[in-house]
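J.: Quick one: structure below, then a few questions.
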Amino acid sequence: MRRLFRAQRKAIPRAQRLYDAARAACRADAFLLRHGARCVAVYLPHGSELDTWPLIGKLQGRGITVLVPKLTPVAGRMNFVHLGRTHHSVRHAANRYGIAEPKRQRRISARVIDVVLVPLLAVDMHGLRLGAGGGYYDRWFASHAAGRRPLRVGYAHLEQLSDQPLPHQAWDIRLHGLITPAGIRRFRNR
Ligand SMILES: Nc1nc2c(c(=O)[nH]1)N(C=O)[C@@H](CNc1ccc(C(=O)N[C@@H](CCC(=O)O)C(=O)O)cc1)CN2
Ligand SMILES: Nc1ncnc2c1ncn2[C@@H]1O[C@H](COP(=O)(O)OP(=O)(O)OP(=O)(O)O)[C@@H](O)[C@H]1O
């Protein structure tokens with residue numbers, strides 16, 4: 001199942017990826033502005049994920065604090081740390097998956113994070129998500145999420161929205177919404 005969704009995401013042509021990243025950045029920026037978000041966790045793109053750099057530029061330009069995941073030595077665990085004002089001001093190194101992360105940054109308390117933009121392979125209409133498979137986001141939300149804070153919003157190409165319900169596990173944490181280049185979708189509560 002992961003392989004199928006990964007192949008589907010990988011098949012998106014390069015020109016569309018650039019266009020999608022720019023359009024999704026506008027959607028997300030408008031949403032975050034409306035939401036009054038001051039501190040936002042994003043991811044640094046890996047493989048064929050929707051590129052977050054256009055959005056990061058917009059947010060930093062507005063003075064929003066931008067955080068990114070950093071794996072901890074504990075298996076399956078991550079924290080969020082400051083990305084840095086420009087990507088030159090903070091040293092980065094690739095983690096075990098080849099994803100860039102700031103080298104020496106302190107973890108940020110979950111309480112100050114307004115919105116977490118979540119990477120995903122696929123998501124269904126209930127907000128159930130298929131991720132990279134490490135369980136990092138599920139674990140982080142299980143220990144840090146309380147109600148609607150921080151808000152959990154998927155960030156993905158429209159092609160990643162599955163019209164079939166995805167299989168889900170007891171530990172899966174549902175997303176509150178999804179931002180794609182096509183717009184913003186809010187998932188209903190069960
Ligand atoms: N950009 C980005 N950053 C992220 C995530 C993500 O999904 N995207 N994560 C979200 O959790 C965390 C890292 N988790 C990851 C888990 C697995 C793989 C991955 O590529 N796995 C390989 C198989 C590795 C294995 O042998 O287990 C693969 O699926 O091909 C990547 C990231 C934190 N940072
Ligand atoms: N809250 C949790 N507590 C304990 N184990 C968990 C928890 N969440 C996930 N796991 C474990 O993590 C593994 C991967 O979970 P899953 O396949 O749902 O990851 P994912 O959501 O696709 O990945 P990611 O969040 O890294 O993108 C599972 O085998 C599961 O046992």
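So you can find residues: chains in the structure tokens are A, B, ... in the order shown, residues in each start at 1, and ligands are numbered from 1 in order.
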Using only C-alpha atoms, which protein or nucleic acid residues come within 10 Å of Ile108 in chain A? Drop anything in the same chain fewer than 4 positions from it, and give the result as a PyMOL selection string.
T.: chain A and resi 67-68+79-82+112-113
J.: Go ahead and dump the residues you just picked, N, CA, C and O atoms, as an mmCIF file, in the first residue's frame.
T.:
data_model
loop_
_atom_site.group_PDB
_atom_site.id
_atom_site.type_symbol
_atom_site.label_atom_id
_atom_site.label_comp_id
_atom_site.auth_asym_id
_atom_site.auth_seq_id
_atom_site.Cartn_x
_atom_site.Cartn_y
_atom_site.Cartn_z
ATOM 1 N N LEU A 67 9.586 25.942 12.732
ATOM 2 C CA LEU A 67 10.246 24.804 13.376
ATOM 3 C C LEU A 67 10.263 23.618 12.416
ATOM 4 O O LEU A 67 9.411 23.513 11.541
ATOM 5 N N VAL A 68 11.243 22.730 12.601
ATOM 6 C CA VAL A 68 11.311 21.498 11.795
ATOM 7 C C VAL A 68 11.615 20.317 12.722
ATOM 8 O O VAL A 68 12.130 20.505 13.819
ATOM 9 N N ASN A 79 11.641 15.696 17.997
ATOM 10 C CA ASN A 79 11.232 16.961 18.612
ATOM 11 C C ASN A 79 11.173 17.987 17.506
ATOM 12 O O ASN A 79 11.635 17.728 16.404
ATOM 13 N N PHE A 80 10.664 19.160 17.832
ATOM 14 C CA PHE A 80 10.737 20.258 16.874
ATOM 15 C C PHE A 80 11.758 21.274 17.358
ATOM 16 O O PHE A 80 11.821 21.567 18.552
ATOM 17 N N VAL A 81 12.565 21.773 16.423
ATOM 18 C CA VAL A 81 13.601 22.757 16.739
ATOM 19 C C VAL A 81 13.503 23.922 15.752
ATOM 20 O O VAL A 81 12.908 23.789 14.676
ATOM 21 N N HIS A 82 14.116 25.055 16.115
ATOM 22 C CA HIS A 82 14.126 26.217 15.225
ATOM 23 C C HIS A 82 14.829 25.895 13.919
ATOM 24 O O HIS A 82 15.929 25.353 13.928
ATOM 25 N N VAL A 112 4.025 26.049 22.715
ATOM 26 C CA VAL A 112 4.111 27.295 21.957
ATOM 27 C C VAL A 112 3.826 27.094 20.463
ATOM 28 O O VAL A 112 3.754 28.051 19.707
ATOM 29 N N ILE A 113 3.659 25.841 20.051
ATOM 30 C CA ILE A 113 3.425 25.572 18.627
ATOM 31 C C ILE A 113 1.935 25.732 18.312
ATOM 32 O O ILE A 113 1.092 25.117 18.962
#
J.: Applying 8 Å and only C-alpha atoms, which residues near Ala22 in chain A remain after dropping the ones on its own chain fewer than 5 positions away? List them as a short mmCIF file (atom, residue, chain, number, x, y, z; two decimals) with N, CA and C atoms, in the first residue's frame.
T.:
data_model
loop_
_atom_site.label_atom_id
_atom_site.label_comp_id
_atom_site.auth_asym_id
_atom_site.auth_seq_id
_atom_site.Cartn_x
_atom_site.Cartn_y
_atom_site.Cartn_z
N PRO A 54 9.01 27.14 -0.53
CA PRO A 54 8.30 28.38 -0.85
C PRO A 54 7.47 28.90 0.34
N LEU A 55 6.89 27.98 1.08
CA LEU A 55 6.10 28.37 2.26
C LEU A 55 7.01 28.91 3.36
N PRO A 181 -2.55 22.20 -2.95
CA PRO A 181 -2.54 23.35 -3.86
C PRO A 181 -3.97 23.77 -4.22
#
J.: What do you get as JSON, numbers by chain if you pick all residues at most 9 Å from ligand 1, counting only C-alpha atoms and all ligand atoms?
T.: {"A": [2, 3, 6, 42, 43, 44, 45, 46, 47, 49, 50, 51, 52, 68, 69, 70, 71, 76, 77, 78, 79, 95, 96, 97, 98, 99, 100, 101, 118, 119, 120, 121, 131, 132, 133, 134, 135, 136, 137, 138]}
J.: Would you please extract all strand (DSSP E or B) residues from range 10-189 of chain A, as assigned by DSSP on the backbone, and give them as a compact mmCIF listing (two decimals) with all heavy atoms, in the first residue's frame?
T.:
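Output contents, as saved in states.txt:
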# COMPACT_ATOMS: atom_id res chain seq x y z
N CYS A 39 3.79 30.55 15.49
CA CYS A 39 4.84 29.52 15.55
C CYS A 39 4.33 28.27 14.84
O CYS A 39 3.32 27.69 15.25
CB CYS A 39 5.16 29.23 17.02
SG CYS A 39 6.44 28.00 17.25
N VAL A 40 5.00 27.88 13.77
CA VAL A 40 4.50 26.81 12.91
C VAL A 40 5.58 25.76 12.69
O VAL A 40 6.72 26.10 12.36
CB VAL A 40 4.06 27.40 11.54
CG1 VAL A 40 3.59 26.29 10.60
CG2 VAL A 40 2.96 28.45 11.72
N ALA A 41 5.22 24.50 12.88
CA ALA A 41 6.15 23.41 12.58
C ALA A 41 5.91 22.93 11.16
O ALA A 41 4.77 22.63 10.80
CB ALA A 41 5.96 22.27 13.57
N THR A 65 7.78 32.15 13.50
CA THR A 65 8.80 31.20 13.93
C THR A 65 8.56 29.87 13.22
O THR A 65 7.46 29.31 13.31
CB THR A 65 8.74 30.98 15.45
OG1 THR A 65 8.93 32.25 16.08
CG2 THR A 65 9.80 30.01 15.92
N VAL A 66 9.56 29.39 12.50
CA VAL A 66 9.42 28.14 11.75
C VAL A 66 10.26 27.04 12.41
O VAL A 66 11.45 27.20 12.64
CB VAL A 66 9.85 28.32 10.27
CG1 VAL A 66 9.78 27.00 9.52
CG2 VAL A 66 8.96 29.37 9.59
N LEU A 67 9.59 25.94 12.73
CA LEU A 67 10.25 24.80 13.38
C LEU A 67 10.26 23.62 12.42
O LEU A 67 9.41 23.51 11.54
CB LEU A 67 9.48 24.38 14.63
CG LEU A 67 9.11 25.48 15.64
CD1 LEU A 67 8.32 24.87 16.79
CD2 LEU A 67 10.37 26.15 16.17
N VAL A 68 11.24 22.73 12.60
CA VAL A 68 11.31 21.50 11.79
C VAL A 68 11.61 20.32 12.72
O VAL A 68 12.13 20.50 13.82
CB VAL A 68 12.39 21.59 10.68
CG1 VAL A 68 12.03 22.65 9.66
CG2 VAL A 68 13.78 21.85 11.27
N PRO A 69 11.28 19.09 12.29
CA PRO A 69 11.54 17.92 13.13
C PRO A 69 13.04 17.65 13.25
O PRO A 69 13.80 17.88 12.31
CB PRO A 69 10.88 16.75 12.38
CG PRO A 69 10.14 17.32 11.23
CD PRO A 69 10.66 18.71 10.99
N LYS A 70 13.43 17.14 14.41
CA LYS A 70 14.79 16.66 14.62
C LYS A 70 14.67 15.36 15.39
O LYS A 70 14.03 15.33 16.46
CB LYS A 70 15.61 17.70 15.40
CG LYS A 70 17.06 17.28 15.62
CD LYS A 70 17.86 18.45 16.20
CE LYS A 70 19.24 18.04 16.67
NZ LYS A 70 20.12 17.58 15.59
N LEU A 71 15.24 14.29 14.83
CA LEU A 71 15.14 12.99 15.50
C LEU A 71 15.93 13.01 16.80
O LEU A 71 16.95 13.70 16.90
CB LEU A 71 15.67 11.88 14.58
CG LEU A 71 15.05 11.80 13.17
CD1 LEU A 71 15.52 10.52 12.47
CD2 LEU A 71 13.53 11.86 13.21
N MET A 78 10.92 12.16 17.88
CA MET A 78 11.46 13.39 17.32
C MET A 78 10.99 14.56 18.18
O MET A 78 10.07 14.43 18.99
CB MET A 78 10.95 13.59 15.88
CG MET A 78 9.46 13.82 15.81
SD MET A 78 8.91 14.16 14.12
CE MET A 78 7.21 14.65 14.43
N ASN A 79 11.64 15.70 18.00
CA ASN A 79 11.23 16.96 18.61
C ASN A 79 11.17 17.99 17.51
O ASN A 79 11.64 17.73 16.40
CB ASN A 79 12.27 17.42 19.63
CG ASN A 79 12.27 16.58 20.89
OD1 ASN A 79 13.32 16.16 21.35
ND2 ASN A 79 11.11 16.31 21.42
N PHE A 80 10.66 19.16 17.83
CA PHE A 80 10.74 20.26 16.87
C PHE A 80 11.76 21.27 17.36
O PHE A 80 11.82 21.57 18.55
CB PHE A 80 9.36 20.90 16.69
CG PHE A 80 8.40 20.02 15.94
CD1 PHE A 80 7.35 19.39 16.58
CD2 PHE A 80 8.58 19.78 14.58
CE1 PHE A 80 6.49 18.56 15.89
CE2 PHE A 80 7.72 18.94 13.88
CZ PHE A 80 6.67 18.33 14.54
N VAL A 81 12.56 21.77 16.42
CA VAL A 81 13.60 22.76 16.74
C VAL A 81 13.50 23.92 15.75
O VAL A 81 12.91 23.79 14.68
CB VAL A 81 15.03 22.13 16.68
CG1 VAL A 81 15.15 20.96 17.64
CG2 VAL A 81 15.37 21.68 15.26
N HIS A 82 14.12 25.06 16.12
CA HIS A 82 14.13 26.22 15.22
C HIS A 82 14.83 25.89 13.92
O HIS A 82 15.93 25.35 13.93
CB HIS A 82 14.90 27.37 15.88
CG HIS A 82 14.05 28.16 16.81
ND1 HIS A 82 13.12 29.07 16.39
CD2 HIS A 82 14.01 28.18 18.16
CE1 HIS A 82 12.53 29.61 17.43
NE2 HIS A 82 13.04 29.09 18.52
N HIS A 92 23.18 22.50 9.23
CA HIS A 92 22.31 21.35 9.05
C HIS A 92 23.13 20.09 8.79
O HIS A 92 24.25 20.16 8.30
CB HIS A 92 21.37 21.57 7.85
CG HIS A 92 20.26 22.52 8.15
ND1 HIS A 92 20.45 23.87 8.29
CD2 HIS A 92 18.94 22.30 8.35
CE1 HIS A 92 19.29 24.44 8.57
NE2 HIS A 92 18.36 23.53 8.60
N ALA A 93 22.55 18.96 9.14
CA ALA A 93 23.17 17.69 8.79
C ALA A 93 22.05 16.73 8.44
O ALA A 93 20.93 16.88 8.91
CB ALA A 93 23.97 17.17 9.98
N ALA A 94 22.36 15.76 7.60
CA ALA A 94 21.33 14.79 7.22
C ALA A 94 21.14 13.78 8.35
O ALA A 94 22.11 13.32 8.94
CB ALA A 94 21.75 14.09 5.94
N ALA A 100 17.49 16.66 5.91
CA ALA A 100 18.26 17.69 6.59
C ALA A 100 17.59 18.06 7.91
O ALA A 100 16.37 18.10 8.00
CB ALA A 100 18.37 18.92 5.69
N GLU A 101 18.41 18.31 8.92
CA GLU A 101 17.87 18.85 10.17
C GLU A 101 18.93 19.72 10.82
O GLU A 101 20.13 19.50 10.64
CB GLU A 101 17.39 17.74 11.11
CG GLU A 101 18.40 16.68 11.45
CD GLU A 101 17.84 15.58 12.36
OE1 GLU A 101 16.67 15.16 12.16
OE2 GLU A 101 18.55 15.15 13.26
N PRO A 102 18.51 20.76 11.57
CA PRO A 102 19.48 21.64 12.22
C PRO A 102 20.35 20.81 13.17
O PRO A 102 19.87 19.89 13.83
CB PRO A 102 18.60 22.62 12.99
CG PRO A 102 17.30 22.62 12.27
CD PRO A 102 17.12 21.20 11.80
N ARG A 107 15.24 21.92 21.62
CA ARG A 107 13.87 21.54 21.32
C ARG A 107 12.93 22.63 21.82
O ARG A 107 13.22 23.34 22.78
CB ARG A 107 13.51 20.21 21.98
CG ARG A 107 13.64 20.23 23.49
CD ARG A 107 13.19 18.95 24.09
NE ARG A 107 11.74 18.83 24.02
CZ ARG A 107 11.07 17.90 24.67
NH1 ARG A 107 11.71 17.01 25.39
NH2 ARG A 107 9.76 17.84 24.59
N VAL A 115 0.52 25.47 14.98
CA VAL A 115 0.10 24.55 13.93
C VAL A 115 1.27 23.64 13.54
O VAL A 115 2.40 24.11 13.43
CB VAL A 115 -0.36 25.32 12.66
CG1 VAL A 115 -0.81 24.36 11.56
CG2 VAL A 115 -1.50 26.29 13.00
N VAL A 116 0.99 22.36 13.35
CA VAL A 116 1.98 21.44 12.80
C VAL A 116 1.53 21.04 11.40
O VAL A 116 0.44 20.48 11.23
CB VAL A 116 2.14 20.16 13.67
CG1 VAL A 116 3.16 19.22 13.05
CG2 VAL A 116 2.55 20.53 15.10
N LEU A 117 2.34 21.36 10.40
CA LEU A 117 2.07 20.92 9.04
C LEU A 117 2.73 19.55 8.89
O LEU A 117 3.94 19.41 9.06
CB LEU A 117 2.60 21.93 8.01
CG LEU A 117 1.87 23.28 8.02
CD1 LEU A 117 2.44 24.21 6.95
CD2 LEU A 117 0.37 23.12 7.80
N VAL A 118 1.92 18.56 8.59
CA VAL A 118 2.34 17.16 8.68
C VAL A 118 2.61 16.56 7.29
O VAL A 118 1.74 16.63 6.42
CB VAL A 118 1.24 16.34 9.39
CG1 VAL A 118 1.68 14.90 9.60
CG2 VAL A 118 0.85 16.98 10.72
N ALA A 122 -0.35 9.44 2.17
CA ALA A 122 -1.75 9.49 1.75
C ALA A 122 -2.60 9.84 2.97
O ALA A 122 -2.19 9.62 4.11
CB ALA A 122 -2.18 8.13 1.21
N VAL A 123 -3.78 10.43 2.70
CA VAL A 123 -4.70 10.75 3.78
C VAL A 123 -6.11 10.52 3.25
O VAL A 123 -6.36 10.70 2.05
CB VAL A 123 -4.49 12.21 4.27
CG1 VAL A 123 -4.75 13.22 3.18
CG2 VAL A 123 -5.32 12.52 5.51
N ARG A 129 -4.14 9.21 8.31
CA ARG A 129 -2.96 9.43 7.50
C ARG A 129 -2.08 8.21 7.43
O ARG A 129 -1.93 7.48 8.40
CB ARG A 129 -2.25 10.64 8.14
CG ARG A 129 -0.79 10.62 8.18
CD ARG A 129 -0.24 11.82 8.92
NE ARG A 129 1.19 11.87 8.69
CZ ARG A 129 2.09 11.17 9.35
NH1 ARG A 129 1.72 10.34 10.32
NH2 ARG A 129 3.36 11.25 9.04
N LEU A 130 -1.49 8.04 6.25
CA LEU A 130 -0.46 7.03 6.07
C LEU A 130 0.84 7.81 5.96
O LEU A 130 0.98 8.66 5.07
CB LEU A 130 -0.74 6.26 4.77
CG LEU A 130 0.06 4.99 4.50
CD1 LEU A 130 -0.26 3.95 5.56
CD2 LEU A 130 -0.29 4.44 3.13
N ALA A 146 -3.12 18.20 22.70
CA ALA A 146 -4.27 18.32 23.59
C ALA A 146 -5.38 19.01 22.81
O ALA A 146 -5.28 20.19 22.49
CB ALA A 146 -3.90 19.11 24.83
N ARG A 149 -4.88 21.80 19.96
CA ARG A 149 -3.58 22.45 20.03
C ARG A 149 -2.47 21.45 20.22
O ARG A 149 -2.54 20.66 21.15
CB ARG A 149 -3.56 23.45 21.20
CG ARG A 149 -3.82 24.87 20.72
CD ARG A 149 -3.44 25.87 21.79
NE ARG A 149 -2.00 26.10 21.82
CZ ARG A 149 -1.36 26.93 21.02
NH1 ARG A 149 -2.00 27.60 20.12
NH2 ARG A 149 -0.06 27.08 21.12
N LEU A 151 -2.74 22.57 16.22
CA LEU A 151 -3.58 22.11 15.13
C LEU A 151 -2.75 21.20 14.21
O LEU A 151 -1.61 21.52 13.89
CB LEU A 151 -4.08 23.33 14.36
CG LEU A 151 -5.42 23.25 13.64
CD1 LEU A 151 -6.55 22.88 14.60
CD2 LEU A 151 -5.73 24.59 12.99
N ARG A 152 -3.33 20.07 13.81
CA ARG A 152 -2.62 19.10 12.96
C ARG A 152 -3.16 19.19 11.55
O ARG A 152 -4.31 18.81 11.29
CB ARG A 152 -2.86 17.68 13.49
CG ARG A 152 -2.56 17.51 14.95
CD ARG A 152 -2.68 16.06 15.37
NE ARG A 152 -4.05 15.59 15.50
CZ ARG A 152 -4.77 15.65 16.61
NH1 ARG A 152 -4.27 16.21 17.69
NH2 ARG A 152 -5.99 15.16 16.64
N VAL A 153 -2.34 19.70 10.66
CA VAL A 153 -2.80 19.93 9.29
C VAL A 153 -1.86 19.27 8.29
O VAL A 153 -0.66 19.56 8.28
CB VAL A 153 -2.90 21.46 9.00
CG1 VAL A 153 -3.40 21.71 7.59
CG2 VAL A 153 -3.81 22.15 10.02
N GLY A 154 -2.38 18.38 7.48
CA GLY A 154 -1.57 17.72 6.45
C GLY A 154 -1.18 18.73 5.38
O GLY A 154 -1.90 19.70 5.13
N TYR A 155 -0.02 18.50 4.76
CA TYR A 155 0.46 19.39 3.69
C TYR A 155 0.90 18.47 2.57
O TYR A 155 1.88 17.72 2.73
CB TYR A 155 1.62 20.23 4.23
CG TYR A 155 2.00 21.42 3.36
CD1 TYR A 155 1.11 22.47 3.17
CD2 TYR A 155 3.24 21.49 2.74
CE1 TYR A 155 1.45 23.57 2.39
CE2 TYR A 155 3.60 22.59 1.95
CZ TYR A 155 2.69 23.63 1.80
OH TYR A 155 3.02 24.72 1.03
N LEU A 161 -4.62 12.69 -1.55
CA LEU A 161 -5.90 12.51 -0.85
C LEU A 161 -6.57 11.26 -1.43
O LEU A 161 -6.88 11.21 -2.62
CB LEU A 161 -6.77 13.76 -1.04
CG LEU A 161 -8.14 13.73 -0.38
CD1 LEU A 161 -8.03 13.58 1.13
CD2 LEU A 161 -8.92 14.99 -0.73
N GLY A 177 -7.13 18.91 9.51
CA GLY A 177 -7.36 19.45 8.18
C GLY A 177 -6.24 19.08 7.23
O GLY A 177 -5.29 18.38 7.59
N LEU A 178 -6.40 19.55 6.00
CA LEU A 178 -5.42 19.26 4.95
C LEU A 178 -5.28 20.47 4.04
O LEU A 178 -6.28 21.05 3.62
CB LEU A 178 -5.91 18.05 4.12
CG LEU A 178 -5.06 17.70 2.88
CD1 LEU A 178 -3.71 17.12 3.29
CD2 LEU A 178 -5.80 16.70 1.99
N ILE A 179 -4.04 20.83 3.76
CA ILE A 179 -3.78 21.89 2.79
C ILE A 179 -3.15 21.26 1.56
O ILE A 179 -2.15 20.54 1.67
CB ILE A 179 -2.86 22.98 3.37
CG1 ILE A 179 -3.56 23.67 4.55
CG2 ILE A 179 -2.50 24.02 2.28
CD1 ILE A 179 -2.69 24.67 5.29
N THR A 180 -3.77 21.51 0.40
CA THR A 180 -3.21 21.07 -0.88
C THR A 180 -3.17 22.31 -1.77
O THR A 180 -3.72 23.35 -1.40
CB THR A 180 -4.09 19.99 -1.57
OG1 THR A 180 -5.27 20.62 -2.06
CG2 THR A 180 -4.45 18.85 -0.64
N GLY A 183 -6.62 23.78 -2.20
CA GLY A 183 -7.37 24.44 -1.14
C GLY A 183 -7.21 23.79 0.21
O GLY A 183 -6.37 22.92 0.41
N ILE A 184 -8.08 24.24 1.12
CA ILE A 184 -8.01 23.77 2.49
C ILE A 184 -9.25 22.95 2.80
O ILE A 184 -10.35 23.33 2.42
CB ILE A 184 -7.90 24.97 3.45
CG1 ILE A 184 -6.56 25.67 3.20
CG2 ILE A 184 -8.02 24.53 4.90
CD1 ILE A 184 -6.52 27.09 3.64
N ARG A 185 -9.03 21.82 3.42
CA ARG A 185 -10.14 20.94 3.74
C ARG A 185 -10.13 20.68 5.25
O ARG A 185 -9.07 20.48 5.83
CB ARG A 185 -9.93 19.63 2.99
CG ARG A 185 -10.96 18.57 3.22
CD ARG A 185 -10.63 17.38 2.36
NE ARG A 185 -10.57 17.75 0.95
CZ ARG A 185 -11.43 17.29 0.03
NH1 ARG A 185 -12.38 16.45 0.37
NH2 ARG A 185 -11.30 17.64 -1.22
N ARG A 186 -11.29 20.73 5.84
CA ARG A 186 -11.39 20.45 7.26
C ARG A 186 -12.01 19.08 7.43
O ARG A 186 -12.99 18.79 6.77
CB ARG A 186 -12.29 21.51 7.90
CG ARG A 186 -11.92 21.82 9.31
CD ARG A 186 -12.86 22.84 9.86
NE ARG A 186 -13.39 22.31 11.10
CZ ARG A 186 -13.82 23.08 12.09
NH1 ARG A 186 -13.84 24.39 11.95
NH2 ARG A 186 -14.25 22.54 13.20
J.: Which of range 11-175 of chain A end up as alpha helix (DSSP H) when DSSP is run on this backbone - answer as a PyMOL selection string?
T.: chain A and resi 14-35+53-61+136-144
J.: Take the residues from that selection and put them in a file with N, CA and C atoms, as a tab-separated table (two decimals), in the first residue's frame.
T.:
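Once written, again.tsv looks like this:
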chain	number	residue	atom	x	y	z
A	14	ARG	N	7.75	17.23	-12.71
A	14	ARG	CA	8.54	18.29	-12.09
A	14	ARG	C	7.89	19.67	-12.18
A	15	ALA	N	7.36	19.97	-13.35
A	15	ALA	CA	6.74	21.30	-13.53
A	15	ALA	C	5.54	21.45	-12.59
A	16	GLN	N	4.77	20.38	-12.46
A	16	GLN	CA	3.61	20.44	-11.54
A	16	GLN	C	4.05	20.58	-10.09
A	17	ARG	N	5.15	19.93	-9.74
A	17	ARG	CA	5.66	20.02	-8.36
A	17	ARG	C	5.98	21.45	-7.97
A	18	LEU	N	6.62	22.17	-8.91
A	18	LEU	CA	7.00	23.57	-8.65
A	18	LEU	C	5.75	24.42	-8.49
A	19	TYR	N	4.82	24.21	-9.41
A	19	TYR	CA	3.57	24.95	-9.40
A	19	TYR	C	2.78	24.64	-8.13
A	20	ASP	N	2.69	23.35	-7.78
A	20	ASP	CA	1.97	22.92	-6.57
A	20	ASP	C	2.57	23.53	-5.31
A	21	ALA	N	3.89	23.56	-5.25
A	21	ALA	CA	4.55	24.08	-4.05
A	21	ALA	C	4.23	25.56	-3.88
A	22	ALA	N	4.20	26.28	-4.99
A	22	ALA	CA	3.90	27.72	-4.94
A	22	ALA	C	2.44	27.95	-4.56
A	23	ARG	N	1.54	27.17	-5.15
A	23	ARG	CA	0.12	27.35	-4.85
A	23	ARG	C	-0.22	26.93	-3.42
A	24	ALA	N	0.35	25.81	-2.99
A	24	ALA	CA	0.09	25.34	-1.63
A	24	ALA	C	0.64	26.34	-0.61
A	25	ALA	N	1.78	26.96	-0.94
A	25	ALA	CA	2.38	27.94	-0.04
A	25	ALA	C	1.42	29.12	0.16
A	26	CYS	N	0.77	29.57	-0.92
A	26	CYS	CA	-0.20	30.68	-0.81
A	26	CYS	C	-1.38	30.28	0.05
A	27	ARG	N	-1.90	29.06	-0.18
A	27	ARG	CA	-3.03	28.56	0.62
A	27	ARG	C	-2.66	28.50	2.09
A	28	ALA	N	-1.51	27.92	2.36
A	28	ALA	CA	-1.09	27.72	3.75
A	28	ALA	C	-0.82	29.07	4.42
A	29	ASP	N	-0.19	29.97	3.69
A	29	ASP	CA	0.14	31.27	4.25
A	29	ASP	C	-1.15	32.00	4.63
A	30	ALA	N	-2.14	31.97	3.74
A	30	ALA	CA	-3.42	32.63	4.01
A	30	ALA	C	-4.11	31.97	5.21
A	31	PHE	N	-4.08	30.65	5.25
A	31	PHE	CA	-4.70	29.93	6.37
A	31	PHE	C	-4.04	30.29	7.70
A	32	LEU	N	-2.72	30.30	7.70
A	32	LEU	CA	-1.98	30.56	8.95
A	32	LEU	C	-2.17	32.00	9.40
A	33	LEU	N	-2.29	32.90	8.46
A	33	LEU	CA	-2.53	34.30	8.77
A	33	LEU	C	-3.91	34.45	9.43
A	34	ARG	N	-4.90	33.81	8.81
A	34	ARG	CA	-6.27	33.84	9.33
A	34	ARG	C	-6.34	33.24	10.73
A	35	HIS	N	-5.53	32.22	10.91
A	35	HIS	CA	-5.52	31.49	12.17
A	35	HIS	C	-4.73	32.23	13.25
A	53	TRP	N	9.74	24.68	0.88
A	53	TRP	CA	10.61	25.87	0.89
A	53	TRP	C	9.89	27.17	0.49
A	54	PRO	N	9.01	27.14	-0.53
A	54	PRO	CA	8.30	28.38	-0.85
A	54	PRO	C	7.47	28.90	0.34
A	55	LEU	N	6.89	27.98	1.08
A	55	LEU	CA	6.10	28.37	2.26
A	55	LEU	C	7.01	28.91	3.36
A	56	ILE	N	8.13	28.23	3.58
A	56	ILE	CA	9.07	28.67	4.62
A	56	ILE	C	9.51	30.11	4.36
A	57	GLY	N	9.80	30.43	3.11
A	57	GLY	CA	10.19	31.79	2.75
A	57	GLY	C	9.12	32.81	3.11
A	58	LYS	N	7.88	32.48	2.79
A	58	LYS	CA	6.76	33.39	3.10
A	58	LYS	C	6.61	33.59	4.60
A	59	LEU	N	6.66	32.48	5.34
A	59	LEU	CA	6.45	32.57	6.79
A	59	LEU	C	7.56	33.37	7.45
A	60	GLN	N	8.80	33.07	7.07
A	60	GLN	CA	9.92	33.81	7.68
A	60	GLN	C	9.86	35.28	7.31
A	61	GLY	N	9.38	35.55	6.09
A	61	GLY	CA	9.23	36.94	5.65
A	61	GLY	C	8.22	37.70	6.50
A	136	TYR	N	6.75	8.46	13.88
A	136	TYR	CA	7.27	9.65	14.59
A	136	TYR	C	6.18	10.66	14.92
A	137	TYR	N	5.35	11.00	13.93
A	137	TYR	CA	4.30	12.01	14.18
A	137	TYR	C	3.24	11.47	15.14
A	138	ASP	N	2.86	10.21	14.97
A	138	ASP	CA	1.85	9.64	15.88
A	138	ASP	C	2.36	9.67	17.32
A	139	ARG	N	3.60	9.31	17.52
A	139	ARG	CA	4.15	9.32	18.87
A	139	ARG	C	4.23	10.73	19.42
A	140	TRP	N	4.67	11.66	18.57
A	140	TRP	CA	4.81	13.04	19.04
A	140	TRP	C	3.43	13.58	19.44
A	141	PHE	N	2.42	13.36	18.59
A	141	PHE	CA	1.09	13.86	18.92
A	141	PHE	C	0.53	13.15	20.14
A	142	ALA	N	0.79	11.86	20.27
A	142	ALA	CA	0.28	11.11	21.41
A	142	ALA	C	0.80	11.72	22.71
A	143	SER	N	2.05	12.20	22.70
A	143	SER	CA	2.55	12.76	23.95
A	143	SER	C	2.41	14.27	24.07
A	144	HIS	N	2.10	14.98	22.98
A	144	HIS	CA	2.07	16.44	23.09
A	144	HIS	C	0.77	17.11	22.68
J.: Measuring between only C-alpha atoms and all ligand atoms, which one of A:His168, A:Arg111, A:Lys10, A:Arg188 shows the shortest distance to ligand 2?
T.: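 Comparing A:His168, A:Arg111, A:Lys10, A:Arg188 against ligand 2, the winner is A:His168.
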J.: Just to confirm, what's the straight-line distance from atom 18 (O, counted along the ligand's line) of ligand 2 to CA of Ile12 in chain A in Å (one decimal)?
T.: 24.3 Å
J.: So, with only C-alpha atoms and all ligand atoms as the atoms that count, which of A:Gln169, A:Gln8, A:Asn189, A:Gln160 lies closest to ligand 2?
T.: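 Ranking A:Gln169, A:Gln8, A:Asn189, A:Gln160 by distance to ligand 2, first place goes to A:Gln169.
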J.: From the options A:Ser162, A:Ala182, A:Ala110, A:Ala75, which residue's atoms come nearest to ligand 2, counting only C-alpha atoms and all ligand atoms?
T.: A:Ala75
J.: I'd like the interatomic distance between atom 20 (P, counted along the ligand's line) of ligand 2 and CA of Leu4 in chain A, to a tenth of an Å.
T.: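 Those two atoms sit 15.3 Å apart.
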J.: Return the single residue from A:Phe187, A:Ala37, A:Leu166, A:Arg9 that is closest to ligand 2, with distances computed using only C-alpha atoms and all ligand atoms.
T.: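 Of A:Phe187, A:Ala37, A:Leu166, A:Arg9, the one nearest ligand 2, counting only C-alpha atoms and all ligand atoms, is A:Leu166.
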J.: What is the distance between CA of Ile64 in chain A and CA of Glu159 in chain A, in Å to one decimal?
T.: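 So the two atoms, CA of Ile64 in chain A and CA of Glu159 in chain A, lie 28.5 Å apart.
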